[in-house]
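Q: So I've got this file, final01.cif, and it contains mmCIF, C-alpha atoms:
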data_my_file
#
loop_
_atom_site.group_PDB
_atom_site.id
_atom_site.type_symbol
_atom_site.label_atom_id
_atom_site.label_comp_id
_atom_site.auth_asym_id
_atom_site.auth_seq_id
_atom_site.Cartn_x
_atom_site.Cartn_y
_atom_site.Cartn_z
ATOM 1 C CA MET A 1 3.431 -6.519 15.139
ATOM 2 C CA ARG A 2 -0.127 -5.356 15.698
ATOM 3 C CA PHE A 3 -2.206 -5.886 12.551
ATOM 4 C CA GLY A 4 -5.519 -4.153 11.951
ATOM 5 C CA VAL A 5 -7.984 -5.700 9.507
ATOM 6 C CA VAL A 6 -10.654 -3.406 8.086
ATOM 7 C CA ARG A 7 -14.268 -4.575 8.208
ATOM 8 C CA LEU A 8 -16.375 -2.772 5.594
ATOM 9 C CA PRO A 9 -20.083 -3.442 5.000
ATOM 10 C CA GLY A 10 -19.848 -6.439 2.671
ATOM 11 C CA SER A 11 -16.353 -7.598 3.633
ATOM 12 C CA CYS A 12 -16.223 -11.389 3.823
ATOM 13 C CA ASP A 13 -12.561 -12.353 4.269
ATOM 14 C CA GLU A 14 -11.681 -10.264 7.293
ATOM 15 C CA VAL A 15 -11.875 -13.193 9.734
ATOM 16 C CA ASP A 16 -9.505 -15.324 7.649
ATOM 17 C CA ALA A 17 -7.191 -12.300 7.407
ATOM 18 C CA VAL A 18 -7.201 -11.925 11.210
ATOM 19 C CA LEU A 19 -6.445 -15.663 11.608
ATOM 20 C CA ALA A 20 -3.596 -15.394 9.065
ATOM 21 C CA CYS A 21 -2.073 -12.410 10.889
ATOM 22 C CA GLU A 22 -2.334 -14.256 14.202
ATOM 23 C CA ARG A 23 -0.282 -17.137 12.774
ATOM 24 C CA VAL A 24 2.702 -14.821 12.554
ATOM 25 C CA PRO A 25 4.834 -15.469 15.659
ATOM 26 C CA GLY A 26 4.498 -12.609 18.117
ATOM 27 C CA ALA A 27 1.765 -10.841 16.124
ATOM 28 C CA SER A 28 -1.758 -9.886 17.096
ATOM 29 C CA ALA A 29 -4.667 -8.722 14.976
ATOM 30 C CA GLN A 30 -7.841 -6.777 15.513
ATOM 31 C CA ILE A 31 -10.808 -5.740 13.418
ATOM 32 C CA LEU A 32 -11.076 -2.067 12.423
ATOM 33 C CA TRP A 33 -14.736 -1.060 12.061
ATOM 34 C CA HIS A 34 -15.552 0.965 8.934
ATOM 35 C CA GLY A 35 -17.391 3.685 10.841
ATOM 36 C CA ASP A 36 -14.518 4.269 13.285
ATOM 37 C CA ALA A 37 -11.788 6.607 12.023
ATOM 38 C CA ASP A 38 -9.470 5.528 14.876
ATOM 39 C CA LEU A 39 -6.904 2.941 13.756
ATOM 40 C CA HIS A 40 -6.233 2.027 17.424
ATOM 41 C CA ASP A 41 -2.430 2.249 17.067
ATOM 42 C CA VAL A 42 -2.123 -0.764 14.779
ATOM 43 C CA GLU A 43 1.222 -1.062 12.994
ATOM 44 C CA ALA A 44 -0.044 -2.461 9.683
ATOM 45 C CA VAL A 45 -3.420 -2.480 7.970
ATOM 46 C CA VAL A 46 -5.036 -5.204 5.861
ATOM 47 C CA VAL A 47 -7.954 -4.251 3.606
ATOM 48 C CA PRO A 48 -9.604 -7.638 3.019
ATOM 49 C CA GLY A 49 -11.667 -9.221 0.277
ATOM 50 C CA GLY A 50 -15.409 -9.181 -0.113
ATOM 51 C CA PHE A 51 -18.019 -7.001 -1.754
ATOM 52 C CA SER A 52 -17.766 -3.707 0.095
ATOM 53 C CA TYR A 53 -20.922 -1.617 -0.254
ATOM 54 C CA GLY A 54 -22.276 -4.296 -2.568
ATOM 55 C CA ASP A 55 -19.694 -3.316 -5.191
ATOM 56 C CA TYR A 56 -22.259 -0.655 -6.183
ATOM 57 C CA LEU A 57 -21.129 1.731 -8.937
ATOM 58 C CA ARG A 58 -17.753 -0.027 -9.295
ATOM 59 C CA ALA A 59 -15.940 -2.520 -7.091
ATOM 60 C CA GLY A 60 -14.271 -0.536 -4.299
ATOM 61 C CA ALA A 61 -15.602 2.855 -5.405
ATOM 62 C CA ILE A 62 -17.705 3.713 -2.367
ATOM 63 C CA ALA A 63 -15.596 2.068 0.341
ATOM 64 C CA ARG A 64 -12.806 4.583 -0.076
ATOM 65 C CA PHE A 65 -15.002 7.300 1.455
ATOM 66 C CA SER A 66 -15.730 5.419 4.693
ATOM 67 C CA PRO A 67 -14.246 6.962 7.884
ATOM 68 C CA VAL A 68 -11.798 4.086 8.405
ATOM 69 C CA MET A 69 -10.504 4.347 4.834
ATOM 70 C CA GLU A 70 -9.859 8.087 5.158
ATOM 71 C CA SER A 71 -7.603 7.157 8.107
ATOM 72 C CA VAL A 72 -6.001 4.262 6.208
ATOM 73 C CA ILE A 73 -5.154 6.643 3.345
ATOM 74 C CA ARG A 74 -3.459 9.028 5.817
ATOM 75 C CA PHE A 75 -1.678 6.063 7.470
ATOM 76 C CA ALA A 76 -0.363 4.967 4.055
ATOM 77 C CA ASP A 77 0.705 8.511 3.158
ATOM 78 C CA GLU A 78 2.731 8.575 6.392
ATOM 79 C CA GLY A 79 4.524 5.359 5.378
ATOM 80 C CA GLY A 80 2.391 2.777 7.203
ATOM 81 C CA LEU A 81 2.203 -0.743 5.741
ATOM 82 C CA VAL A 82 -1.074 -1.391 3.946
ATOM 83 C CA LEU A 83 -1.969 -4.677 2.247
ATOM 84 C CA GLY A 84 -5.055 -4.797 0.004
ATOM 85 C CA ILE A 85 -6.363 -8.217 -0.956
ATOM 86 C CA CYS A 86 -8.876 -8.715 -3.795
ATOM 87 C CA ASN A 87 -11.693 -6.242 -3.010
ATOM 88 C CA GLY A 88 -9.124 -4.496 -0.806
ATOM 89 C CA PHE A 89 -6.894 -4.114 -3.894
ATOM 90 C CA GLN A 90 -9.858 -2.612 -5.771
ATOM 91 C CA VAL A 91 -10.497 -0.201 -2.887
ATOM 92 C CA LEU A 92 -6.835 0.920 -2.799
ATOM 93 C CA CYS A 93 -6.847 1.533 -6.574
ATOM 94 C CA GLU A 94 -10.065 3.544 -6.306
ATOM 95 C CA ALA A 95 -8.531 5.481 -3.410
ATOM 96 C CA GLY A 96 -5.573 6.411 -5.592
ATOM 97 C CA LEU A 97 -3.077 4.641 -3.308
ATOM 98 C CA LEU A 98 -2.204 2.226 -6.121
ATOM 99 C CA PRO A 99 -2.001 2.779 -9.874
ATOM 100 C CA GLY A 100 -4.483 1.273 -12.309
ATOM 101 C CA ALA A 101 -7.868 -0.375 -11.949
ATOM 102 C CA LEU A 102 -9.482 -3.818 -11.825
ATOM 103 C CA LEU A 103 -11.877 -4.704 -14.646
ATOM 104 C CA PRO A 104 -14.278 -7.630 -15.120
ATOM 105 C CA ASN A 105 -12.489 -10.897 -15.936
ATOM 106 C CA ILE A 106 -11.838 -11.413 -19.616
ATOM 107 C CA GLU A 107 -13.855 -14.659 -19.636
ATOM 108 C CA ARG A 108 -16.809 -12.917 -17.941
ATOM 109 C CA ARG A 109 -16.879 -15.609 -15.260
ATOM 110 C CA PHE A 110 -16.212 -15.870 -11.569
ATOM 111 C CA VAL A 111 -12.922 -17.714 -11.152
ATOM 112 C CA CYS A 112 -12.154 -19.671 -8.004
ATOM 113 C CA ARG A 113 -9.005 -21.764 -8.105
ATOM 114 C CA GLN A 114 -5.479 -22.231 -6.837
ATOM 115 C CA VAL A 115 -2.977 -20.265 -8.953
ATOM 116 C CA ASN A 116 0.790 -20.085 -9.115
ATOM 117 C CA VAL A 117 2.081 -16.621 -8.394
ATOM 118 C CA GLU A 118 5.678 -15.660 -9.117
ATOM 119 C CA VAL A 119 7.458 -13.287 -6.784
ATOM 120 C CA VAL A 120 8.907 -10.847 -9.304
ATOM 121 C CA ARG A 121 10.439 -8.697 -6.665
ATOM 122 C CA ALA A 122 11.522 -10.247 -3.389
ATOM 123 C CA GLY A 123 12.359 -7.926 -0.543
ATOM 124 C CA GLN A 124 10.870 -5.885 2.216
ATOM 125 C CA PRO A 125 8.295 -5.060 3.187
ATOM 126 C CA PHE A 126 5.863 -7.602 1.673
ATOM 127 C CA THR A 127 8.058 -10.285 0.119
ATOM 128 C CA GLY A 128 11.156 -10.194 2.331
ATOM 129 C CA ASP A 129 10.643 -13.839 3.303
ATOM 130 C CA CYS A 130 10.511 -14.926 -0.375
ATOM 131 C CA ALA A 131 13.207 -15.402 -3.013
ATOM 132 C CA ASP A 132 13.214 -13.682 -6.407
ATOM 133 C CA GLY A 133 11.367 -15.953 -8.837
ATOM 134 C CA GLU A 134 9.844 -18.077 -6.076
ATOM 135 C CA VAL A 135 6.413 -19.423 -7.006
ATOM 136 C CA LEU A 136 3.676 -19.271 -4.384
ATOM 137 C CA SER A 137 0.525 -21.404 -4.545
ATOM 138 C CA ILE A 138 -2.371 -19.152 -3.528
ATOM 139 C CA PRO A 139 -6.085 -19.200 -4.441
ATOM 140 C CA VAL A 140 -7.949 -16.540 -6.416
ATOM 141 C CA LYS A 141 -11.720 -16.009 -6.275
ATOM 142 C CA HIS A 142 -13.082 -13.004 -8.097
ATOM 143 C CA THR A 143 -15.147 -11.687 -10.998
ATOM 144 C CA THR A 144 -13.438 -8.295 -11.303
ATOM 145 C CA GLY A 145 -9.734 -9.065 -11.209
ATOM 146 C CA ARG A 146 -8.355 -8.045 -14.593
ATOM 147 C CA TYR A 147 -5.598 -5.592 -13.766
ATOM 148 C CA TYR A 148 -5.496 -2.686 -16.178
ATOM 149 C CA ALA A 149 -3.420 0.453 -16.444
ATOM 150 C CA PRO A 150 -3.304 2.767 -19.469
ATOM 151 C CA PRO A 151 -0.254 1.993 -21.671
ATOM 152 C CA GLN A 152 1.933 4.852 -20.406
ATOM 153 C CA MET A 153 1.170 4.116 -16.756
ATOM 154 C CA LEU A 154 1.756 0.399 -17.326
ATOM 155 C CA ALA A 155 5.149 1.075 -18.910
ATOM 156 C CA ALA A 156 6.087 3.363 -16.008
ATOM 157 C CA ILE A 157 5.202 0.887 -13.252
ATOM 158 C CA GLU A 158 7.031 -1.903 -15.092
ATOM 159 C CA GLU A 159 10.107 0.278 -15.555
ATOM 160 C CA ARG A 160 10.137 1.339 -11.907
ATOM 161 C CA GLY A 161 9.891 -2.228 -10.654
ATOM 162 C CA ARG A 162 6.504 -1.825 -9.022
ATOM 163 C CA ILE A 163 5.176 -5.197 -10.147
ATOM 164 C CA VAL A 164 5.633 -7.454 -7.125
ATOM 165 C CA LEU A 165 3.696 -10.569 -8.225
ATOM 166 C CA ARG A 166 2.747 -12.116 -11.569
ATOM 167 C CA TYR A 167 0.619 -15.126 -12.496
ATOM 168 C CA ALA A 168 3.107 -17.835 -13.451
ATOM 169 C CA HIS A 169 3.152 -20.691 -15.970
ATOM 170 C CA ASP A 170 0.636 -19.119 -18.397
ATOM 171 C CA GLY A 171 -1.897 -19.307 -15.572
ATOM 172 C CA ASN A 172 -3.326 -15.781 -15.848
ATOM 173 C CA PRO A 173 -6.890 -16.395 -14.595
ATOM 174 C CA ASN A 174 -8.491 -13.087 -15.575
ATOM 175 C CA GLY A 175 -6.696 -11.436 -18.500
ATOM 176 C CA SER A 176 -4.631 -9.037 -16.384
ATOM 177 C CA SER A 177 -2.187 -6.858 -18.332
ATOM 178 C CA ASN A 178 1.316 -8.367 -18.310
ATOM 179 C CA ASP A 179 0.077 -11.193 -16.003
ATOM 180 C CA ILE A 180 0.101 -8.733 -13.105
ATOM 181 C CA ALA A 181 -1.179 -10.231 -9.845
ATOM 182 C CA GLY A 182 0.192 -7.683 -7.380
ATOM 183 C CA VAL A 183 1.474 -4.118 -7.610
ATOM 184 C CA ARG A 184 2.946 -1.697 -5.073
ATOM 185 C CA ASN A 185 2.964 2.067 -4.694
ATOM 186 C CA ALA A 186 5.955 4.299 -5.464
ATOM 187 C CA THR A 187 7.257 4.244 -1.897
ATOM 188 C CA GLY A 188 6.744 0.495 -1.506
ATOM 189 C CA ASN A 189 4.618 0.565 1.663
ATOM 190 C CA VAL A 190 1.317 -0.295 -0.050
ATOM 191 C CA LEU A 191 0.701 -3.580 -1.883
ATOM 192 C CA GLY A 192 -2.445 -4.741 -3.632
ATOM 193 C CA LEU A 193 -2.970 -8.253 -4.967
ATOM 194 C CA MET A 194 -5.890 -10.263 -6.317
ATOM 195 C CA PRO A 195 -4.832 -13.708 -4.950
ATOM 196 C CA HIS A 196 -5.771 -14.428 -1.327
ATOM 197 C CA PRO A 197 -2.692 -15.151 0.810
ATOM 198 C CA GLU A 198 -4.926 -15.323 3.909
ATOM 199 C CA HIS A 199 -6.572 -18.456 2.451
ATOM 200 C CA ALA A 200 -3.193 -20.197 2.049
ATOM 201 C CA VAL A 201 -1.779 -20.312 5.557
ATOM 202 C CA ASP A 202 -2.209 -23.996 6.468
ATOM 203 C CA PRO A 203 -0.957 -27.119 4.618
ATOM 204 C CA LEU A 204 -4.311 -28.711 5.511
ATOM 205 C CA THR A 205 -5.958 -26.544 2.847
ATOM 206 C CA GLY A 206 -3.280 -27.200 0.238
ATOM 207 C CA SER A 207 -0.669 -24.518 0.799
ATOM 208 C CA ALA A 208 0.827 -22.338 3.488
ATOM 209 C CA ASP A 209 2.672 -20.127 0.986
ATOM 210 C CA GLY A 210 0.440 -17.113 1.649
ATOM 211 C CA LEU A 211 1.720 -16.865 5.192
ATOM 212 C CA LYS A 212 5.027 -15.518 3.826
ATOM 213 C CA ILE A 213 3.348 -12.228 2.932
ATOM 214 C CA PHE A 214 2.246 -11.738 6.542
ATOM 215 C CA THR A 215 5.538 -12.871 8.114
ATOM 216 C CA SER A 216 7.403 -10.577 5.696
ATOM 217 C CA MET A 217 5.341 -7.621 6.899
ATOM 218 C CA ALA A 218 6.128 -8.452 10.532
ATOM 219 C CA HIS A 219 9.845 -8.832 9.786
ATOM 220 C CA ALA A 220 9.879 -5.552 7.852
ATOM 221 C CA HIS A 221 8.432 -3.853 10.885
ATOM 222 C CA GLY A 222 11.146 -5.372 13.059
ATOM 223 C CA MET B 1 -34.372 24.775 -7.211
ATOM 224 C CA SER B 2 -33.053 21.526 -8.698
ATOM 225 C CA THR B 3 -32.627 20.498 -12.272
ATOM 226 C CA ARG B 4 -32.700 16.966 -13.540
ATOM 227 C CA ALA B 5 -29.485 15.667 -15.051
ATOM 228 C CA ARG B 6 -28.284 12.453 -16.564
ATOM 229 C CA VAL B 7 -24.765 11.100 -16.574
ATOM 230 C CA LEU B 8 -23.813 8.452 -19.101
ATOM 231 C CA VAL B 9 -20.787 6.352 -18.177
ATOM 232 C CA ARG B 10 -19.159 4.219 -20.849
ATOM 233 C CA PRO B 11 -16.202 1.849 -20.873
ATOM 234 C CA LYS B 12 -13.317 3.643 -22.578
ATOM 235 C CA ALA B 13 -12.776 2.796 -26.231
ATOM 236 C CA GLY B 14 -10.106 0.162 -26.656
ATOM 237 C CA ILE B 15 -10.681 -1.497 -23.284
ATOM 238 C CA LEU B 16 -12.307 -4.899 -23.662
ATOM 239 C CA ASP B 17 -15.870 -4.794 -22.319
ATOM 240 C CA PRO B 18 -16.887 -8.362 -21.408
ATOM 241 C CA GLN B 19 -20.508 -7.345 -20.699
ATOM 242 C CA GLY B 20 -20.821 -5.906 -24.201
ATOM 243 C CA VAL B 21 -19.301 -9.067 -25.672
ATOM 244 C CA ALA B 22 -21.737 -11.255 -23.727
ATOM 245 C CA VAL B 23 -24.750 -9.255 -24.922
ATOM 246 C CA GLU B 24 -23.456 -9.214 -28.493
ATOM 247 C CA ARG B 25 -23.150 -12.994 -28.460
ATOM 248 C CA ALA B 26 -26.544 -13.512 -26.829
ATOM 249 C CA LEU B 27 -28.549 -11.523 -29.399
ATOM 250 C CA PRO B 28 -28.029 -13.850 -32.399
ATOM 251 C CA ALA B 29 -28.970 -16.790 -30.167
ATOM 252 C CA LEU B 30 -32.396 -15.127 -29.826
ATOM 253 C CA GLY B 31 -32.648 -14.547 -33.551
ATOM 254 C CA PHE B 32 -31.530 -10.888 -33.579
ATOM 255 C CA GLU B 33 -28.929 -10.760 -36.324
ATOM 256 C CA GLY B 34 -26.766 -7.932 -37.612
ATOM 257 C CA VAL B 35 -25.731 -6.411 -34.270
ATOM 258 C CA SER B 36 -22.121 -5.480 -33.592
ATOM 259 C CA ASN B 37 -19.992 -3.178 -31.453
ATOM 260 C CA VAL B 38 -22.120 -3.592 -28.299
ATOM 261 C CA HIS B 39 -20.935 -1.799 -25.174
ATOM 262 C CA VAL B 40 -22.655 -1.755 -21.798
ATOM 263 C CA GLY B 41 -22.329 1.312 -19.583
ATOM 264 C CA ARG B 42 -24.321 2.991 -16.824
ATOM 265 C CA LEU B 43 -26.981 5.688 -16.689
ATOM 266 C CA ILE B 44 -27.084 7.812 -13.536
ATOM 267 C CA GLU B 45 -30.056 10.164 -13.107
ATOM 268 C CA LEU B 46 -30.105 12.825 -10.446
ATOM 269 C CA ASP B 47 -31.677 16.083 -9.308
ATOM 270 C CA ILE B 48 -29.022 18.688 -8.648
ATOM 271 C CA GLU B 49 -29.150 22.268 -7.363
ATOM 272 C CA ASP B 50 -25.818 23.294 -8.866
ATOM 273 C CA PRO B 51 -25.110 21.438 -12.130
ATOM 274 C CA SER B 52 -21.652 23.031 -12.339
ATOM 275 C CA LEU B 53 -20.619 20.471 -9.707
ATOM 276 C CA LEU B 54 -21.346 17.566 -12.024
ATOM 277 C CA PRO B 55 -17.941 17.276 -13.751
ATOM 278 C CA ALA B 56 -16.101 17.104 -10.406
ATOM 279 C CA MET B 57 -18.662 14.611 -9.127
ATOM 280 C CA CYS B 58 -18.060 12.437 -12.174
ATOM 281 C CA GLU B 59 -14.269 12.626 -11.865
ATOM 282 C CA LYS B 60 -14.331 11.779 -8.167
ATOM 283 C CA LEU B 61 -17.023 9.130 -7.835
ATOM 284 C CA LEU B 62 -19.537 8.533 -10.620
ATOM 285 C CA ALA B 63 -16.907 7.413 -13.143
ATOM 286 C CA ASN B 64 -13.335 6.165 -12.947
ATOM 287 C CA PRO B 65 -11.559 8.283 -15.584
ATOM 288 C CA LEU B 66 -8.834 5.633 -15.988
ATOM 289 C CA ILE B 67 -11.275 3.142 -17.471
ATOM 290 C CA GLU B 68 -14.483 5.067 -18.220
ATOM 291 C CA ASP B 69 -15.677 8.112 -20.164
ATOM 292 C CA PHE B 70 -18.597 10.146 -18.898
ATOM 293 C CA GLU B 71 -21.049 12.428 -20.617
ATOM 294 C CA ILE B 72 -23.325 14.865 -18.807
ATOM 295 C CA VAL B 73 -26.732 15.217 -20.451
ATOM 296 C CA PRO B 74 -28.947 18.032 -19.108
ATOM 297 C CA GLU B 75 -32.682 17.387 -19.194
ATOM 298 C CA PRO B 76 -34.549 19.640 -21.633
#
If you convert what's in this file into structure tokens, what do you get?
A:
Amino acid sequence: MRFGVVRLPGSCDEVDAVLACERVPGASAQILWHGDADLHDVEAVVVPGGFSYGDYLRAGAIARFSPVMESVIRFADEGGLVLGICNGFQVLCEAGLLPGALLPNIERRFVCRQVNVEVVRAGQPFTGDCADGEVLSIPVKHTTGRYYAPPQMLAAIEERGRIVLRYAHDGNPNGSSNDIAGVRNATGNVLGLMPHPEHAVDPLTGSADGLKIFTSMAHAHG
Amino acid sequence: MSTRARVLVRPKAGILDPQGVAVERALPALGFEGVSNVHVGRLIELDIEDPSLLPAMCEKLLANPLIEDFEIVPEP
């Protein structure tokens, strides 16, 4: 599996994302520069965390128009695997690849802590290496992570099983609707989540649970 | 020939606006009583040759219609 990790102006987690991808046996990872529309034949794309374009206007709003993102949107439309983490999740929502939006945290504070995330929906392509109901220990660190979708849209994504991850054990850190931590698109090839699996890939830092997201992607690709 | 325009962007009614809440709570601490229903939005000012483009511009970039309302205010 050849992963590509997008580097936008203001990205800050792309190096950890590359290191996480490279921990997957047999996988390689490379940076995709925001000004380069060529995805260099990667087989999956990670849009990492950070503060792309300074989060000007709204988090993720401007990044979606960068040359690399125009290509990532086409790649996703053609069925390519795209994982958006934190700011990457915000970018994918703004790009219309995922439903809903991320709003400022309900407590108005930056939150940075380890959270328990329940795998609501195990299975390929992003949670194939997990079990239904499995709880992953993964950190969050964000100010704008409150998942919101208008009531009708929220009901529709719940009904269609598009919620992949929820904050577990009453541990919702940001006031997200229905404790939603991660949501996928209709065809299942795009996932966005606020927690940072790339920061939980080594027991030395408390948990290696996040690695399962990356190994799942590689296994889904075959 | 450009005209000046203003776009007001507000959080949609019914969606909790933490910035508004923070400001509302800060005012009494400074002695300003009797303030409620505070919401914080954005003001975007621009010169534009074709103001008929403004609604599309708002829908596509200046506001996120899922979470925000926008109002276009032409300059007198």
Q: Rank B:Met57, B:Arg42, B:Arg4, B:Pro51 by their smallest atom-to-atom distance to chain A, using all atoms listed in the file, and report the top residue only.
A: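 For chain A, the nearest of the candidates is B:Arg42.
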Q: Could you give me the axis-aligned bounding box of stretch 15-34 of chain B, with 8 Å of padding per side, as centre plus edge lengths in Å to one decimal, as JSON?
A:
{"center_x": -21.7, "center_y": -9.1, "center_z": -29.2, "size_x": 38.0, "size_y": 31.3, "size_z": 32.9}
Q: Check every residue of chain B for an atom within 12 Å of chain A, counting all atoms listed in the file, and provide those that qualify as a list of chain:residue names.
A: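 Per the criterion, chain B yields B:Val9, B:Pro11, B:Lys12, B:Ala13, B:Gly14, B:Ile15, B:Leu16, B:Asp17, B:Pro18, B:Gln19, B:Gly20, B:Val21, B:Ala22, B:Val23, B:Gly41, B:Arg42, B:Leu43, B:Ile44, B:Cys58, B:Glu59, B:Lys60, B:Leu61, B:Leu62, B:Ala63, B:Asn64, B:Pro65, B:Leu66, B:Ile67, B:Glu68.
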Q: Go ahead and save the picked residues with C-alpha atoms, as a short mmCIF file (atom, residue, chain, number, x, y, z; two decimals), in the coordinates of the input.
A:
data_model
loop_
_atom_site.label_atom_id
_atom_site.label_comp_id
_atom_site.auth_asym_id
_atom_site.auth_seq_id
_atom_site.Cartn_x
_atom_site.Cartn_y
_atom_site.Cartn_z
CA VAL B 9 -20.79 6.35 -18.18
CA PRO B 11 -16.20 1.85 -20.87
CA LYS B 12 -13.32 3.64 -22.58
CA ALA B 13 -12.78 2.80 -26.23
CA GLY B 14 -10.11 0.16 -26.66
CA ILE B 15 -10.68 -1.50 -23.28
CA LEU B 16 -12.31 -4.90 -23.66
CA ASP B 17 -15.87 -4.79 -22.32
CA PRO B 18 -16.89 -8.36 -21.41
CA GLN B 19 -20.51 -7.34 -20.70
CA GLY B 20 -20.82 -5.91 -24.20
CA VAL B 21 -19.30 -9.07 -25.67
CA ALA B 22 -21.74 -11.26 -23.73
CA VAL B 23 -24.75 -9.26 -24.92
CA GLY B 41 -22.33 1.31 -19.58
CA ARG B 42 -24.32 2.99 -16.82
CA LEU B 43 -26.98 5.69 -16.69
CA ILE B 44 -27.08 7.81 -13.54
CA CYS B 58 -18.06 12.44 -12.17
CA GLU B 59 -14.27 12.63 -11.86
CA LYS B 60 -14.33 11.78 -8.17
CA LEU B 61 -17.02 9.13 -7.84
CA LEU B 62 -19.54 8.53 -10.62
CA ALA B 63 -16.91 7.41 -13.14
CA ASN B 64 -13.34 6.16 -12.95
CA PRO B 65 -11.56 8.28 -15.58
CA LEU B 66 -8.83 5.63 -15.99
CA ILE B 67 -11.28 3.14 -17.47
CA GLU B 68 -14.48 5.07 -18.22
#
Q: Evaluating the PyMOL selection byres ((chain A and resi 115) around 7) on the displayed file yields which residues, as a PyMOL selection string?
A: chain A and resi 113-114+116-117+137-140+171
Q: The PyMOL selection byres ((chain A and resi 87) around 8) - which residues does that actually catch in the file I just gave you? List them as an MDAnalysis selection string.
A: chainID A and resid 47:52 59:60 84:86 88:91 194
Q: Return as a list in words the set of residues that the PyMOL selection byres ((chain A and resi 40) around 12) yields on the displayed structure.
A: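 Taken over the shown coordinates, the PyMOL selection byres ((chain A and resi 40) around 12) returns Arg2, Phe3, Gly4, Val5, Val6, Ala29, Gln30, Ile31, Leu32, Trp33, Asp36, Ala37, Asp38, Leu39, Asp41, Val42, Glu43, Ala44, Val45, Val68, Ser71, Val72 and Phe75 of chain A.
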Q: Create the file for the chosen residues now, containing C-alpha atoms and written as a CSV table (one decimal), in the frame of the given file.
A:
chain,number,residue,atom,x,y,z
A,2,ARG,CA,-0.1,-5.4,15.7
A,3,PHE,CA,-2.2,-5.9,12.6
A,4,GLY,CA,-5.5,-4.2,12.0
A,5,VAL,CA,-8.0,-5.7,9.5
A,6,VAL,CA,-10.7,-3.4,8.1
A,29,ALA,CA,-4.7,-8.7,15.0
A,30,GLN,CA,-7.8,-6.8,15.5
A,31,ILE,CA,-10.8,-5.7,13.4
A,32,LEU,CA,-11.1,-2.1,12.4
A,33,TRP,CA,-14.7,-1.1,12.1
A,36,ASP,CA,-14.5,4.3,13.3
A,37,ALA,CA,-11.8,6.6,12.0
A,38,ASP,CA,-9.5,5.5,14.9
A,39,LEU,CA,-6.9,2.9,13.8
A,41,ASP,CA,-2.4,2.2,17.1
A,42,VAL,CA,-2.1,-0.8,14.8
A,43,GLU,CA,1.2,-1.1,13.0
A,44,ALA,CA,0.0,-2.5,9.7
A,45,VAL,CA,-3.4,-2.5,8.0
A,68,VAL,CA,-11.8,4.1,8.4
A,71,SER,CA,-7.6,7.2,8.1
A,72,VAL,CA,-6.0,4.3,6.2
A,75,PHE,CA,-1.7,6.1,7.5
Q: When distances are computed from all atoms listed in the file, which of A:Leu136, A:Val190, A:Ala220, A:Ala122 shows the smallest separation from A:Ala208?
A: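 The shortest atom-to-atom distance to A:Ala208 comes from A:Leu136.
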Q: Give me, please, the distance in Å between atom CA of A:Leu191 and atom CA of A:Tyr56, quoted to one decimal.
A: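 According to the coordinates, atom CA of A:Leu191 and atom CA of A:Tyr56 are separated by 23.5 Å.
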Q: Which residues, written as a PyMOL selection string, have at least one atom at most 10 Å from A:Ala76, with only C-alpha atoms counted and residues fewer than 2 positions away on the same chain left out?
A: chain A and resi 44-45+71-74+78-83+97+185+187+189-190
Q: Filtering to C-alpha atoms, could you give me those residues as a compact mmCIF listing (two decimals), in the frame of the given file?
A:
# COMPACT_ATOMS: atom_id res chain seq x y z
CA ALA A 44 -0.04 -2.46 9.68
CA VAL A 45 -3.42 -2.48 7.97
CA SER A 71 -7.60 7.16 8.11
CA VAL A 72 -6.00 4.26 6.21
CA ILE A 73 -5.15 6.64 3.34
CA ARG A 74 -3.46 9.03 5.82
CA GLU A 78 2.73 8.57 6.39
CA GLY A 79 4.52 5.36 5.38
CA GLY A 80 2.39 2.78 7.20
CA LEU A 81 2.20 -0.74 5.74
CA VAL A 82 -1.07 -1.39 3.95
CA LEU A 83 -1.97 -4.68 2.25
CA LEU A 97 -3.08 4.64 -3.31
CA ASN A 185 2.96 2.07 -4.69
CA THR A 187 7.26 4.24 -1.90
CA ASN A 189 4.62 0.56 1.66
CA VAL A 190 1.32 -0.30 -0.05
Q: Please, what distance in Å, to one decimal, runs between atom CA of A:Tyr167 and atom CA of A:Leu193?
A: 10.8 Å
